[in-house]
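Remarks on the structure that follows.
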Protein chains: 2
Amino acid sequence: MEHKFFKTIEKAKLINKIKKVKYEEYEEYEEINTEDSLGRVLYQDIVSKEDLPLCNRSSMDGYAVISKNTFGASDSLPAYLGCVGKVSVNSFPERQVLDSECMQIPTGGSLPVGADSVVMVEYTKKISDNTIEIYKSVAPNENVMLQGEDIKKNKLLLKKGTKLKAQEIGILLAVGITKCTVYKKIRCGIISTGDEVVPTDKKVKPGEIRDVNSYTLSCLSTQAGAVFKRYGIVKDNFDSLKSYLTKALKENDVVFLSGGSSVGAYDFTIKVINSFKNKNILSYGLSLSPGKPTITALIDNKLVIGLPGQVASALVVMKVIFVPVLKFLMGAKDAFEKKPLMKAILTRNIASKQGREDFVRVSISMKKGEIFANPVTAKSGLLTSLINSNGLITIPSNCEGFYKGDIVDVIKW
Amino acid sequence: MEHKFFKTIEKAKLINKIKKVKYEEYEEYEEINTEDSLGRVLYQDIVSKEDLPLCNRSSMDGYAVISKNTFGASDSLPAYLGCVGKVSVNSFPERQVLDSECMQIPTGGSLPVGADSVVMVEYTKKISDNTIEIYKSVAPNENVMLQGEDIKKNKLLLKKGTKLKAQEIGILLAVGITKCTVYKKIRCGIISTGDEVVPTDKKVKPGEIRDVNSYTLSCLSTQAGAVFKRYGIVKDNFDSLKSYLTKALKENDVVFLSGGSSVGAYDFTIKVINSFKNKNILSYGLSLSPGKPTITALIDNKLVIGLPGQVASALVVMKVIFVPVLKFLMGAKDAFEKKPLMKAILTRNIASKQGREDFVRVSISMKKGEIFANPVTAKSGLLTSLINSNGLITIPSNCEGFYKGDIVDVIKW
């Protein structure tokens, strides 16, 4: 008898199924203050309503001049210009610069009408109150930032789907966009199941284990940019899990279940999911290691993920599949794209089974400027293997492993 | 006349000066709930008071056996064992396993006294209610996680200075450590200065620019794990800046000033810093680009950093120096160590001045599995150069540049 536990599909196939779901529920957005938008994803294209800079500005301390008045100027044959005033940094100069005239200007000052360039102060000498010697010629527009040179009015500035970092927030505020529309944060419900699981603050007896997954999952949800609600520990009781899952589905966009590691615990989760009317199981298991017994389902079009109870397995599956899924649901359309990764030299052979994608924990080290990935040898269930490693390498399913000295891509974690 | 503006020191020299300061003020800690400690740094060594697991546990669904009873068992010559019960997942089995006996056991179940290994259910067949056929021999300890195999009681688990990620939080909670002592978050005061600077929500006139730095700096402080307080825009007025700086120093551990870009604005910041009694200027400028006019000072042993007014320069200096400084002050003693970075192939020649460390913005792209770094060509002041790039490469001060095709290290940003 073939147990459903063994009906695994590939990670890529699961991701394709997830991408094809029509997530009306998730396409939600909200307007927030740009200053509070760090890490959020734009739900709108942003067009600037202003030029930046607003007018021609000096990028140096010096003198605003008409460039042709400086042509040929040198140490031995300076040009002499009449200084007709000083530009203040915060207002537009009222007087214009005429032939053979110049005006003192600070970095950031607005270029007076008539002037087309700035001579750096280092190449000038004040001869008298209103005569300046110029030792170097400047070309038109030299040391000047032209109106709209940085950002052009009415042009697309940032595209929908852009993740907002310090840089993007800076640029939005620079053109006065103090509010923006972003994808809402996904709400993740987290339910821990298992008769042997007890709260973290409880003294344990032999046979009991503390509920670690509720917390590692909430950490990863937070890092993905989501919000979470923990529902605590539900005993292996059908009615109890069904009622918690119903509640969590009502209050969240995605629900994570983390169950025991036995076939019995697995069957129990499947049974509860199957008892919902509008359900669709996307995966009974995944052809990867660790993390094979991962259930993915839709209930009323919301994702329900049954993670392995083993902490390390659940963490790997989250890292390589469901953290990207959360980001995808929050607008990062490139969440599943292959990203440039750090490369490292493998320090020993690692074997893998064909037909299964393997994720191997490694610790990264540096020696003489070279980066090495050292596979962490440990039984799969050991928590300490998690803190002794700081990266993962992927062995594709069509590959029997890597050799010592091979260059591998490292996913940091 | 040599202006102080030109008295630059190297980045490494500044960092050494900063490391040598005795930061009594910063060596502050607090006890928090482990579940809330994501991203914090441990202020204490952590020793586990328990073994994990607490007793020998099965890592498979199957039968707990005495391994020697299975020696020689095969498909053609199975061993027959008397099944004397079933281990429940959450309690220690009351009965022990004697010679020629076995007990059904789920993944995670506690191994009964007497048994030393587990035969996976796949290699067994139930012949009758109390007779099990075994098709495969197991070695002692096979499919068993031994008491303390993961974590040993009274042994160092995590060192002071460890950054707490999901993994570390999981492991602390697994052994019941629900509270831990971490470094306090550094408080950063942020003051924007300049007569030409106006609030971000103001309609600007020619000559005025919006206050971008207050927000990019607060984003970077947040990402470093610090908290911040913005003091808004202070006009170029000695008394006003002095009183704001005094207030910010009282309320924070570090104060960032971001001033105008002119020599006048620079001089003004120096003048205000010098007016404090207990001050020590660590740098008048840095031999790097962009970011040369960066002032670093101590006032009453607190760091005061005068950043360039130019947004891009301020961001680069923060990224390569002061974000690591903030992390250092929050316990990350490795904040200044050379980290393994992503390597990429440079797509064109870039020249640099000797005696100056250059940070070049690049955009990263992938083609046929290779990673390329494309230098972003732009005038240094352009904000758009920030959003068109997603990395920085470093040209050391003793180097005249890199050639197209060179392999370079990329700092993501």
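Just so we're on the same page: first chain in the structure tokens is A, next is B, and so on; residues restart at 1 for each chain, and ligands are numbered from 1 in the order they show up.
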*Might you pull out every residue within 12 Å of Gly148 of chain A, with only C-alpha atoms counted and same-chain residues fewer than 4 positions away left off, and present them as a list in words?*
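After dropping sequence-adjacent residues, the list is Ser48, Lys49, Glu50, Asp51, Leu52, Pro53, Leu54, Cys55, Asn56, Arg57, Val144, Lys152, Lys153, Asn154, Lys155 and Val175 of chain A; Leu382, Leu383 and Thr384 of chain B.
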Could you write those residues out with N, CA, C and O atoms, as a PDB file, in the first residue's frame?
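Result file follows (again_18.pdb):
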ATOM      1  N   SER A  48       6.787  61.450 -10.890  1.00  0.00           N
ATOM      2  CA  SER A  48       7.102  62.689 -10.177  1.00  0.00           C
ATOM      3  C   SER A  48       6.331  63.851 -10.784  1.00  0.00           C
ATOM      4  O   SER A  48       6.206  63.955 -11.996  1.00  0.00           O
ATOM      5  N   LYS A  49       5.816  64.718  -9.950  1.00  0.00           N
ATOM      6  CA  LYS A  49       5.101  65.901 -10.444  1.00  0.00           C
ATOM      7  C   LYS A  49       6.015  67.114 -10.512  1.00  0.00           C
ATOM      8  O   LYS A  49       5.588  68.231 -10.770  1.00  0.00           O
ATOM      9  N   GLU A  50       7.296  66.872 -10.238  1.00  0.00           N
ATOM     10  CA  GLU A  50       8.250  67.989 -10.225  1.00  0.00           C
ATOM     11  C   GLU A  50       9.542  67.578 -10.916  1.00  0.00           C
ATOM     12  O   GLU A  50       9.875  66.402 -10.962  1.00  0.00           O
ATOM     13  N   ASP A  51      10.264  68.569 -11.405  1.00  0.00           N
ATOM     14  CA  ASP A  51      11.643  68.347 -11.808  1.00  0.00           C
ATOM     15  C   ASP A  51      12.523  68.341 -10.556  1.00  0.00           C
ATOM     16  O   ASP A  51      12.254  69.054  -9.589  1.00  0.00           O
ATOM     17  N   LEU A  52      13.584  67.541 -10.598  1.00  0.00           N
ATOM     18  CA  LEU A  52      14.598  67.621  -9.546  1.00  0.00           C
ATOM     19  C   LEU A  52      15.960  67.694 -10.228  1.00  0.00           C
ATOM     20  O   LEU A  52      16.299  66.798 -11.005  1.00  0.00           O
ATOM     21  N   PRO A  53      16.796  68.690 -10.018  1.00  0.00           N
ATOM     22  CA  PRO A  53      16.440  69.885  -9.251  1.00  0.00           C
ATOM     23  C   PRO A  53      15.395  70.732  -9.987  1.00  0.00           C
ATOM     24  O   PRO A  53      15.182  70.581 -11.169  1.00  0.00           O
ATOM     25  N   LEU A  54      14.843  71.639  -9.220  1.00  0.00           N
ATOM     26  CA  LEU A  54      13.776  72.510  -9.712  1.00  0.00           C
ATOM     27  C   LEU A  54      14.326  73.569 -10.661  1.00  0.00           C
ATOM     28  O   LEU A  54      13.607  74.134 -11.477  1.00  0.00           O
ATOM     29  N   CYS A  55      15.614  73.873 -10.529  1.00  0.00           N
ATOM     30  CA  CYS A  55      16.268  74.829 -11.416  1.00  0.00           C
ATOM     31  C   CYS A  55      17.746  74.454 -11.477  1.00  0.00           C
ATOM     32  O   CYS A  55      18.183  73.586 -10.728  1.00  0.00           O
ATOM     33  N   ASN A  56      18.498  75.080 -12.339  1.00  0.00           N
ATOM     34  CA  ASN A  56      19.924  74.757 -12.434  1.00  0.00           C
ATOM     35  C   ASN A  56      20.629  75.110 -11.117  1.00  0.00           C
ATOM     36  O   ASN A  56      20.458  76.218 -10.599  1.00  0.00           O
ATOM     37  N   ARG A  57      21.398  74.166 -10.596  1.00  0.00           N
ATOM     38  CA  ARG A  57      22.055  74.397  -9.300  1.00  0.00           C
ATOM     39  C   ARG A  57      23.558  74.155  -9.408  1.00  0.00           C
ATOM     40  O   ARG A  57      24.009  73.315 -10.179  1.00  0.00           O
ATOM     41  N   VAL A 144      27.496  72.167 -12.792  1.00  0.00           N
ATOM     42  CA  VAL A 144      26.093  72.569 -12.664  1.00  0.00           C
ATOM     43  C   VAL A 144      25.227  71.319 -12.767  1.00  0.00           C
ATOM     44  O   VAL A 144      25.506  70.434 -13.584  1.00  0.00           O
ATOM     45  N   LYS A 152      12.876  63.801 -13.967  1.00  0.00           N
ATOM     46  CA  LYS A 152      12.074  64.611 -14.896  1.00  0.00           C
ATOM     47  C   LYS A 152      10.612  64.566 -14.492  1.00  0.00           C
ATOM     48  O   LYS A 152      10.060  63.497 -14.234  1.00  0.00           O
ATOM     49  N   LYS A 153      10.006  65.748 -14.472  1.00  0.00           N
ATOM     50  CA  LYS A 153       8.581  65.895 -14.209  1.00  0.00           C
ATOM     51  C   LYS A 153       7.768  64.981 -15.128  1.00  0.00           C
ATOM     52  O   LYS A 153       8.094  64.857 -16.320  1.00  0.00           O
ATOM     53  N   ASN A 154       6.736  64.356 -14.582  1.00  0.00           N
ATOM     54  CA  ASN A 154       5.796  63.515 -15.337  1.00  0.00           C
ATOM     55  C   ASN A 154       6.407  62.243 -15.907  1.00  0.00           C
ATOM     56  O   ASN A 154       5.775  61.588 -16.751  1.00  0.00           O
ATOM     57  N   LYS A 155       7.618  61.902 -15.479  1.00  0.00           N
ATOM     58  CA  LYS A 155       8.171  60.623 -15.944  1.00  0.00           C
ATOM     59  C   LYS A 155       8.084  59.576 -14.840  1.00  0.00           C
ATOM     60  O   LYS A 155       8.120  59.895 -13.651  1.00  0.00           O
ATOM     61  N   VAL A 175      10.969  64.488  -3.968  1.00  0.00           N
ATOM     62  CA  VAL A 175      10.023  65.168  -4.868  1.00  0.00           C
ATOM     63  C   VAL A 175       8.666  65.366  -4.201  1.00  0.00           C
ATOM     64  O   VAL A 175       7.649  65.586  -4.864  1.00  0.00           O
TER      65      VAL A 175
ATOM     66  N   LEU B 382      23.418  62.678  -8.114  1.00  0.00           N
ATOM     67  CA  LEU B 382      22.104  62.258  -8.582  1.00  0.00           C
ATOM     68  C   LEU B 382      21.469  61.202  -7.672  1.00  0.00           C
ATOM     69  O   LEU B 382      22.052  60.164  -7.409  1.00  0.00           O
ATOM     70  N   LEU B 383      20.252  61.498  -7.228  1.00  0.00           N
ATOM     71  CA  LEU B 383      19.530  60.529  -6.414  1.00  0.00           C
ATOM     72  C   LEU B 383      19.173  59.295  -7.223  1.00  0.00           C
ATOM     73  O   LEU B 383      19.142  58.188  -6.704  1.00  0.00           O
ATOM     74  N   THR B 384      18.873  59.498  -8.504  1.00  0.00           N
ATOM     75  CA  THR B 384      18.475  58.346  -9.323  1.00  0.00           C
ATOM     76  C   THR B 384      19.591  57.311  -9.420  1.00  0.00           C
ATOM     77  O   THR B 384      19.312  56.138  -9.648  1.00  0.00           O
TER      78      THR B 384
END
*Who sits within 12 Å of Leu329 of chain A, only C-alpha atoms, same chain under 6 positions skipped, as a PyMOL selection string*: chain A and resi 18-29+41+43+161+183-188+224-226+253-254+302-303+322-323+335-336
Near-Glu357 of chain B list (12 Å; only C-alpha atoms; drop same-chain fewer than 4 positions) as a PDB file with N, CA, C and O atoms, in the first residue's frame:
ATOM      1  N   THR B   8      42.087  64.797   5.634  1.00  0.00           N
ATOM      2  CA  THR B   8      41.326  63.545   5.660  1.00  0.00           C
ATOM      3  C   THR B   8      42.139  62.402   6.262  1.00  0.00           C
ATOM      4  O   THR B   8      43.365  62.397   6.207  1.00  0.00           O
ATOM      5  N   ILE B   9      41.442  61.445   6.859  1.00  0.00           N
ATOM      6  CA  ILE B   9      42.102  60.208   7.302  1.00  0.00           C
ATOM      7  C   ILE B   9      41.424  59.017   6.633  1.00  0.00           C
ATOM      8  O   ILE B   9      40.321  59.138   6.099  1.00  0.00           O
ATOM      9  N   GLU B  10      42.109  57.876   6.677  1.00  0.00           N
ATOM     10  CA  GLU B  10      41.540  56.686   6.050  1.00  0.00           C
ATOM     11  C   GLU B  10      40.427  56.085   6.897  1.00  0.00           C
ATOM     12  O   GLU B  10      40.441  56.191   8.118  1.00  0.00           O
ATOM     13  N   LYS B  11      39.528  55.422   6.220  1.00  0.00           N
ATOM     14  CA  LYS B  11      38.394  54.756   6.886  1.00  0.00           C
ATOM     15  C   LYS B  11      38.891  53.811   7.981  1.00  0.00           C
ATOM     16  O   LYS B  11      38.389  53.827   9.105  1.00  0.00           O
ATOM     17  N   ALA B  12      39.896  53.002   7.663  1.00  0.00           N
ATOM     18  CA  ALA B  12      40.402  52.012   8.626  1.00  0.00           C
ATOM     19  C   ALA B  12      40.931  52.701   9.883  1.00  0.00           C
ATOM     20  O   ALA B  12      40.772  52.204  11.000  1.00  0.00           O
ATOM     21  N   LEU B 286      37.323  62.251   5.410  1.00  0.00           N
ATOM     22  CA  LEU B 286      37.761  60.884   5.136  1.00  0.00           C
ATOM     23  C   LEU B 286      38.333  60.797   3.727  1.00  0.00           C
ATOM     24  O   LEU B 286      37.802  61.401   2.794  1.00  0.00           O
ATOM     25  N   SER B 287      39.416  60.001   3.600  1.00  0.00           N
ATOM     26  CA  SER B 287      39.988  59.858   2.266  1.00  0.00           C
ATOM     27  C   SER B 287      39.239  58.761   1.507  1.00  0.00           C
ATOM     28  O   SER B 287      39.768  57.691   1.239  1.00  0.00           O
ATOM     29  N   LEU B 288      37.992  59.067   1.229  1.00  0.00           N
ATOM     30  CA  LEU B 288      37.176  58.162   0.433  1.00  0.00           C
ATOM     31  C   LEU B 288      36.193  58.980  -0.382  1.00  0.00           C
ATOM     32  O   LEU B 288      35.991  60.172  -0.138  1.00  0.00           O
ATOM     33  N   SER B 289      35.603  58.329  -1.359  1.00  0.00           N
ATOM     34  CA  SER B 289      34.659  59.020  -2.230  1.00  0.00           C
ATOM     35  C   SER B 289      33.534  58.079  -2.615  1.00  0.00           C
ATOM     36  O   SER B 289      33.805  56.933  -2.963  1.00  0.00           O
ATOM     37  N   PRO B 290      32.265  58.489  -2.555  1.00  0.00           N
ATOM     38  CA  PRO B 290      31.838  59.779  -2.029  1.00  0.00           C
ATOM     39  C   PRO B 290      31.826  59.759  -0.506  1.00  0.00           C
ATOM     40  O   PRO B 290      31.861  58.697   0.081  1.00  0.00           O
ATOM     41  N   GLY B 291      31.815  60.944   0.095  1.00  0.00           N
ATOM     42  CA  GLY B 291      31.707  61.020   1.539  1.00  0.00           C
ATOM     43  C   GLY B 291      32.870  61.707   2.225  1.00  0.00           C
ATOM     44  O   GLY B 291      32.972  61.689   3.453  1.00  0.00           O
ATOM     45  N   LYS B 292      33.741  62.349   1.436  1.00  0.00           N
ATOM     46  CA  LYS B 292      34.925  63.005   1.995  1.00  0.00           C
ATOM     47  C   LYS B 292      34.627  63.933   3.183  1.00  0.00           C
ATOM     48  O   LYS B 292      35.257  63.794   4.229  1.00  0.00           O
ATOM     49  N   VAL B 316      26.278  56.293   1.366  1.00  0.00           N
ATOM     50  CA  VAL B 316      27.455  55.433   1.203  1.00  0.00           C
ATOM     51  C   VAL B 316      28.258  55.391   2.502  1.00  0.00           C
ATOM     52  O   VAL B 316      28.650  54.320   2.974  1.00  0.00           O
ATOM     53  N   VAL B 317      28.488  56.561   3.092  1.00  0.00           N
ATOM     54  CA  VAL B 317      29.263  56.611   4.338  1.00  0.00           C
ATOM     55  C   VAL B 317      28.566  55.838   5.463  1.00  0.00           C
ATOM     56  O   VAL B 317      29.198  55.124   6.243  1.00  0.00           O
ATOM     57  N   VAL B 320      28.990  51.972   4.644  1.00  0.00           N
ATOM     58  CA  VAL B 320      30.308  51.349   4.775  1.00  0.00           C
ATOM     59  C   VAL B 320      30.985  51.618   6.127  1.00  0.00           C
ATOM     60  O   VAL B 320      31.910  50.922   6.483  1.00  0.00           O
ATOM     61  N   ALA B 351      38.254  53.724 -13.297  1.00  0.00           N
ATOM     62  CA  ALA B 351      39.495  54.323 -12.810  1.00  0.00           C
ATOM     63  C   ALA B 351      39.254  54.921 -11.437  1.00  0.00           C
ATOM     64  O   ALA B 351      38.131  55.231 -11.062  1.00  0.00           O
ATOM     65  N   SER B 352      40.318  55.048 -10.659  1.00  0.00           N
ATOM     66  CA  SER B 352      40.206  55.633  -9.326  1.00  0.00           C
ATOM     67  C   SER B 352      41.490  56.372  -9.010  1.00  0.00           C
ATOM     68  O   SER B 352      42.555  56.065  -9.542  1.00  0.00           O
ATOM     69  N   LYS B 353      41.374  57.363  -8.119  1.00  0.00           N
ATOM     70  CA  LYS B 353      42.558  58.104  -7.702  1.00  0.00           C
ATOM     71  C   LYS B 353      43.297  57.316  -6.637  1.00  0.00           C
ATOM     72  O   LYS B 353      42.683  56.804  -5.709  1.00  0.00           O
ATOM     73  N   ILE B 393      30.894  48.562  -5.082  1.00  0.00           N
ATOM     74  CA  ILE B 393      32.179  47.871  -5.060  1.00  0.00           C
ATOM     75  C   ILE B 393      33.229  48.846  -4.548  1.00  0.00           C
ATOM     76  O   ILE B 393      33.112  50.063  -4.691  1.00  0.00           O
ATOM     77  N   THR B 394      34.237  48.289  -3.905  1.00  0.00           N
ATOM     78  CA  THR B 394      35.262  49.089  -3.249  1.00  0.00           C
ATOM     79  C   THR B 394      36.534  49.070  -4.081  1.00  0.00           C
ATOM     80  O   THR B 394      37.030  48.001  -4.422  1.00  0.00           O
ATOM     81  N   ILE B 395      37.071  50.250  -4.381  1.00  0.00           N
ATOM     82  CA  ILE B 395      38.394  50.316  -4.990  1.00  0.00           C
ATOM     83  C   ILE B 395      39.344  50.809  -3.911  1.00  0.00           C
ATOM     84  O   ILE B 395      39.237  51.941  -3.448  1.00  0.00           O
ATOM     85  N   PRO B 396      40.265  49.950  -3.450  1.00  0.00           N
ATOM     86  CA  PRO B 396      41.149  50.338  -2.334  1.00  0.00           C
ATOM     87  C   PRO B 396      41.996  51.555  -2.692  1.00  0.00           C
ATOM     88  O   PRO B 396      42.192  51.861  -3.873  1.00  0.00           O
ATOM     89  N   SER B 397      42.517  52.203  -1.664  1.00  0.00           N
ATOM     90  CA  SER B 397      43.235  53.458  -1.898  1.00  0.00           C
ATOM     91  C   SER B 397      44.561  53.245  -2.624  1.00  0.00           C
ATOM     92  O   SER B 397      45.074  54.145  -3.258  1.00  0.00           O
ATOM     93  N   ASN B 398      45.117  52.031  -2.541  1.00  0.00           N
ATOM     94  CA  ASN B 398      46.400  51.780  -3.214  1.00  0.00           C
ATOM     95  C   ASN B 398      46.223  51.228  -4.627  1.00  0.00           C
ATOM     96  O   ASN B 398      47.119  50.634  -5.191  1.00  0.00           O
ATOM     97  N   CYS B 399      45.062  51.427  -5.206  1.00  0.00           N
ATOM     98  CA  CYS B 399      44.716  50.804  -6.483  1.00  0.00           C
ATOM     99  C   CYS B 399      44.220  51.887  -7.440  1.00  0.00           C
ATOM    100  O   CYS B 399      43.535  52.821  -7.032  1.00  0.00           O
ATOM    101  N   GLU B 400      44.614  51.781  -8.687  1.00  0.00           N
ATOM    102  CA  GLU B 400      44.222  52.815  -9.655  1.00  0.00           C
ATOM    103  C   GLU B 400      42.939  52.480 -10.394  1.00  0.00           C
ATOM    104  O   GLU B 400      42.535  53.201 -11.306  1.00  0.00           O
ATOM    105  N   GLY B 401      42.332  51.373 -10.009  1.00  0.00           N
ATOM    106  CA  GLY B 401      41.060  51.029 -10.641  1.00  0.00           C
ATOM    107  C   GLY B 401      41.008  49.569 -11.009  1.00  0.00           C
ATOM    108  O   GLY B 401      41.922  48.799 -10.712  1.00  0.00           O
TER     109      GLY B 401
END
Residues of segment 124-209 of chain A that have any atom at most 9 Å from an atom of segment 104-108 of chain B: could you tabulate them with the shortest-distance atom pair and the distance in Å to one decimal, using only C-alpha atoms, ordered by chain and increasing number, as a tab-separated table?
residue	atom	partner	partner_atom	distance
A:Glu196	CA	B:Gly108	CA	8.5
A:Gly207	CA	B:Gly108	CA	7.5
A:Glu208	CA	B:Gly108	CA	8.9
A:Ile209	CA	B:Gly108	CA	8.9
Dump all heavy atoms for the selected residues as a short mmCIF file (atom, residue, chain, number, x, y, z; two decimals), in the first residue's frame?
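Everything below was put into again29.cif:
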data_model
loop_
_atom_site.label_atom_id
_atom_site.label_comp_id
_atom_site.auth_asym_id
_atom_site.auth_seq_id
_atom_site.Cartn_x
_atom_site.Cartn_y
_atom_site.Cartn_z
N GLU A 196 2.45 15.69 22.18
CA GLU A 196 3.70 15.72 22.93
C GLU A 196 4.25 17.15 23.09
O GLU A 196 5.25 17.36 23.78
CB GLU A 196 4.75 14.83 22.24
CG GLU A 196 5.34 15.38 20.94
CD GLU A 196 4.52 15.07 19.69
OE1 GLU A 196 3.28 15.12 19.77
OE2 GLU A 196 5.13 14.85 18.63
N GLY A 207 9.45 12.46 26.92
CA GLY A 207 8.36 12.29 25.95
C GLY A 207 7.81 13.62 25.49
O GLY A 207 7.32 13.74 24.37
N GLU A 208 7.89 14.65 26.32
CA GLU A 208 7.36 15.96 25.92
C GLU A 208 8.45 16.79 25.23
O GLU A 208 9.63 16.66 25.54
CB GLU A 208 6.86 16.72 27.15
CG GLU A 208 5.66 16.06 27.81
CD GLU A 208 5.20 16.78 29.07
OE1 GLU A 208 6.05 17.45 29.71
OE2 GLU A 208 4.03 16.67 29.41
N ILE A 209 8.04 17.63 24.29
CA ILE A 209 8.98 18.59 23.71
C ILE A 209 8.32 19.96 23.70
O ILE A 209 7.10 20.09 23.61
CB ILE A 209 9.41 18.22 22.27
CG1 ILE A 209 8.19 18.01 21.37
CG2 ILE A 209 10.29 16.99 22.26
CD1 ILE A 209 8.55 18.03 19.90
#
Report as CSV the residues of chain B within 6 Å of chain A, each with its shortest atom pair and distance in Å (one decimal), using only C-alpha atoms, ordered by chain and increasing residue number.
residue,atom,partner,partner_atom,distance
B:Leu54,CA,A:Pro206,CA,5.9
B:Val89,CA,A:Glu196,CA,5.9
B:Asn90,CA,A:Glu196,CA,4.2
B:Ser91,CA,A:Gly207,CA,4.7
B:Phe92,CA,A:Gly207,CA,5.6
B:Pro106,CA,A:Ser262,CA,5.7
B:Thr107,CA,A:Ser262,CA,4.8
B:Ser110,CA,A:Gly207,CA,5.4
B:Asp150,CA,A:Leu382,CA,5.4
B:Ala166,CA,A:Thr216,CA,4.9
B:Gln167,CA,A:Leu386,CA,6.0
B:Gly170,CA,A:Val212,CA,5.3
B:Leu173,CA,A:Thr200,CA,5.7
B:Ala174,CA,A:Arg210,CA,5.5
B:Gly176,CA,A:Thr200,CA,5.5
B:Glu196,CA,A:Asn90,CA,4.1
B:Thr200,CA,A:Gly176,CA,5.5
B:Asp201,CA,A:Gly176,CA,5.7
B:Pro206,CA,A:Phe92,CA,5.7
B:Gly207,CA,A:Asn90,CA,4.6
B:Glu208,CA,A:Asn90,CA,5.2
B:Arg210,CA,A:Ala174,CA,5.5
B:Val212,CA,A:Gly170,CA,5.3
B:Thr216,CA,A:Ala166,CA,4.9
B:Cys219,CA,A:Ala166,CA,5.5
B:Ser261,CA,A:Thr107,CA,5.9
B:Ser262,CA,A:Thr107,CA,4.9
B:Met342,CA,A:Met342,CA,4.3
B:Leu382,CA,A:Asp150,CA,5.4
B:Leu386,CA,A:Gln167,CA,6.0
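The interatomic distance for the pair atom CA of Phe276 of chain A and atom CA of Lys250 of chain A works out to 13.2 Å.
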